[in-house]
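Reading through the structure tokens given below for one structure.
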Amino acid sequence: MERRSFEYIVIGCGGIGSAALYWLSKRVGAGVLGIEQFEIGHSNGGSQDHSRIIRTAYHDEMYTKIVADTYTAFEEAEKESGVKLVHKCGGLLIAKKGETDDVATKYANAMASQDLPFEWLPGNKLKEKFPQFEHTENHVAVYEKDGGLVDAAMANAVHIQLAKGNGAAVIEHCPVNRLTKQTNGQTTVHTTKGNFTCKKVIVTAGAWLNQVLGSIGVHIPVYVTQEQVTYLGTPHVKDFVKEKFPIFIYHSKDHDMYALPLHGNTGFKIGIDAGGPVVTAGTRNFTPDPVREKKCLDFIQKILPKALGPILYTKTCLYTMTPDRNFVIDTCHRQGHENVIICNGAGHAFKWSALLGKILSEMAIDGRTQYDIAAFTMDRDAISNPNYKTTIFEGGSLSGGKDHANDSKSKL
Ligand SMILES: Cc1cc2nc3c(=O)[nH]c(=O)nc-3n(C[C@H](O)[C@H](O)[C@H](O)COP(=O)(O)OP(=O)(O)OC[C@H]3O[C@@H](n4cnc5c(N)ncnc54)[C@H](O)[C@@H]3O)c2cc1C
């Protein structure tokens with residue numbers, strides 16, 4: 001590439017980075033460059049699959065007050081591209097009475113506070129609405145009509161293509177090695193394909209975040225876990241297509257399970273939230289864990305037996321989570337790098353990627369965002385206090401690793 005100087009550079013073109021590129025390109029056209037260490041659409045990070053859950057149901061107002069905006073942000077890319085990205089098949093949060101019903105109550109309260117519509121489905125009301133379920137009498141569910149799935153691979157591709165259409169440049173197979181600050185305040189991005197300079201840099205490097213930030217003395221305490229999703233070839237296809245069946249998250253005393261209806265060229269999808277071992281981007285492997293596969297099958301056998309079928313395949317993927325599982329969206333001004341903007345999606349951000357992209361573009365261009373992201377700064381206890389006790393599953397409890405504090409609320 002001949003050009004070496006840009007207004008803005010995005011490091012990492014996964015779900016969040018590709019959306020940031022898109023939103024920046026809408027305002028500055030060719031003034032933005034996206035740099036990706038692998039090829040666009042690779043499967044080494046956290047964003048590439050047929051589907052990801054999207055929902056308005058969240059357990060805290062810090063999310064419910066901005067969640068409608070992520071739907072709007074996806075709609076903009078849908079309108080511009082003519083490609084449908086969000087499929088509102090409905091969403092369920094299911095809890096067990098006497099065990100996790102407090103979780104369902106939290107969701108209902110946080111949604112009610114923002115006038116987000118939902119239905120409360122105690123016991124057999126769940127089975128009345130979705131007869132595919134069995135044994136719902138001891139459960140309670142929150143149903144939201146706006147829940148559903150995002151076509152993740154498609155959303156990434158659309159964001160990148162729209163950005164390129166607006167004039168943005170994208171370089172693939174170009175690892176960023178380090179950042180340096182110039183005396184004029186600009187940042188130099190050192191890569192294997194030479195150096196680039198810019199006014200502001202956005203770091204959306206997922207599991208590699210600290211490798212990029214280390215060069216400017218910034219460290220975010222994140223846990224990377226090796227997660228997996230399993231696709232089942234159900235013989236009852238028509239009961240589990242997205243026109244008939246919602247996404248759901250099932251909160252149990254130990255790990256939370258989630259499932260998505262058929263979408264794309266594959267089967268019924270099931271996974272365990274934060275159930276995998278702690279790894280690094282360098283040590284992870286791509287081998288499915290049979291212990292977790294079996295746990296998924298046993299769970300489906302109990303609650304949704306008609307969905308059961310042969311395993312089509314299991315795909316591994318990385319979560320990169322902060323100790324409180326909340327996002328980091330901030331500049332590195334406390335470390336003297338106000339022109340470096342960072343974002344970590346804490347292992348539940350695909351649904352947010354469109355909005356996060358917009359927020360990051362506003363922070364870069366305007367120096368501030370119109371959205372309330374006050375809860376996601378780096379100076380909060382979970383990020384700045386080294387003794388903060390993690391509230392996530394630190395992975396591995398199902399597959400032989402460490403098992404830590406587990407008052408997690410699934411945030412998929
Ligand atoms: C199995 C699984 C299921 C999930 N389900 C859901 C769900 O249902 N709903 C939901 O909302 N979220 C879900 N998530 C979480 C969500 O997918 C992630 O939070 C989100 O996709 C992370 O996006 P990202 O852009 O931060 O990371 P990534 O997609 O990993 O992107 C980071 C990019 O940065 C690049 N990069 C890193 N370092 C460099 C460098 N030095 N130079 C150049 N490029 C670099 C990487 O190659 C990568 O492409 C799930 C995640 C997993 C793993």
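Naming scheme: A, B, ... for chains in displayed order of the structure tokens; residues 1 onward per chain; ligands 1 onward as shown.
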
- Item | Distance query Lys97 of chain A at most 6 Å, only C-alpha atoms, self and fewer than 2 positions along chain excluded, as a PyMOL selection string | chain A and resi 99+101+138-139

Residues just named, written with C-alpha atoms as a compact mmCIF listing (two decimals), in the first residue's frame:
# COMPACT_ATOMS: atom_id res chain seq x y z
CA GLU A 99 -32.50 -21.78 42.03
CA ASP A 101 -35.40 -17.16 39.42
CA ASN A 138 -40.42 -25.76 37.64
CA HIS A 139 -39.21 -22.91 35.50

- Query: Taking only C-alpha atoms and all ligand atoms into account, which residues are within 6 Å of ligand 1, as number ranges by chain?
  - Reply: A: 11-17, 35-38, 45-47, 52-54, 174-177, 204-208, 212, 227-229, 317-319, 344-351, 412

- Name the residues in contact with Tyr371 of chain A at a cut-off of 9 Å, using only C-alpha atoms, excluding same-chain residues fewer than 5 positions from it; report them as a VMD selection string. chain A and resid 66 69 359

Same residues, N, CA, C and O atoms, saved as a PDB file, in the first residue's frame:
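New file selection.pdb:
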ATOM      1  N   ILE A  66     -29.237   1.348  26.476  1.00  0.00           N
ATOM      2  CA  ILE A  66     -28.691   1.612  25.127  1.00  0.00           C
ATOM      3  C   ILE A  66     -28.961   0.471  24.142  1.00  0.00           C
ATOM      4  O   ILE A  66     -28.553   0.550  22.983  1.00  0.00           O
ATOM      5  N   ASP A  69     -30.482   0.994  20.706  1.00  0.00           N
ATOM      6  CA  ASP A  69     -29.596   1.663  19.736  1.00  0.00           C
ATOM      7  C   ASP A  69     -28.763   0.684  18.919  1.00  0.00           C
ATOM      8  O   ASP A  69     -28.316   1.020  17.827  1.00  0.00           O
ATOM      9  N   ILE A 359     -20.223   4.079  18.373  1.00  0.00           N
ATOM     10  CA  ILE A 359     -19.683   4.787  19.546  1.00  0.00           C
ATOM     11  C   ILE A 359     -18.200   5.098  19.344  1.00  0.00           C
ATOM     12  O   ILE A 359     -17.737   6.223  19.585  1.00  0.00           O
TER      13      ILE A 359
END

- Please provide as an MDAnalysis selection string all residues within 7 Å of segment 4-6 of chain A, with the sequence filter that same-chain residues fewer than 2 positions apart are discarded (counting only C-alpha atoms). chainID A and resid 2 8:9 31:33 195:198

- Query: Could you write out, as a PyMOL selection string, all the residues of segment 80-262 of chain A that DSSP marks as helix (DSSP H, G or I)?
  - Reply: chain A and resi 80-81+101-112+124-129+152-165+206-216+237-239

- Write down as a ChimeraX atom specification the residues belonging to segment 184-410 of chain A that are assigned strand (DSSP E or B) by DSSP computed on the backbone. /A:187-191,194-203,223-232,241,247-251,257-260,262,268-272,278-279,311-321,328-332,337-344

- Message: I'd like the contact shell of Leu116 of chain A - 12 Å cut-off, only C-alpha atoms, skipping same-chain residues fewer than 3 positions apart - returned as a ChimeraX atom specification.
- Response: /A:55-58,61,63-68,107-113,119,142-147

- Can you pull out every residue within 7 Å of Gly267 of chain A, counting only C-alpha atoms, but drop anything in the same chain fewer than 5 positions away, and send it as JSON, numbers by chain? {"A": [231, 232, 233, 234, 262]}

- Item | Contact residues around segment 293-305 of chain A with only C-alpha atoms at 6 Å, ignoring same-chain residues under 2 positions, as a list in words | Phe133, Glu134, Pro290, Val291, Ala307 and Leu308 of chain A

- Item | Nearest residue to Leu162 of chain A from the set A:Gln335, A:Thr287, A:Ser81, A:Asn385 (distances using only C-alpha atoms) | A:Ser81

- Message: Quick check, in Å to one decimal: how far apart do atom CA of Asp324 of chain A and atom CA of Thr377 of chain A lie?
- Response: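 Result for atom CA of Asp324 of chain A versus atom CA of Thr377 of chain A: 12.2 Å, one decimal.
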
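Here the question is which of A:Thr136, A:Gln226, A:Ser51, A:Thr180 gets nearest to Gly214 of chain A using only C-alpha atoms, and that residue is A:Thr180.
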
- Closest to Ala382 of chain A among A:Ile341, A:Met321, A:Leu92, A:Leu356, using only C-alpha atoms? A:Met321
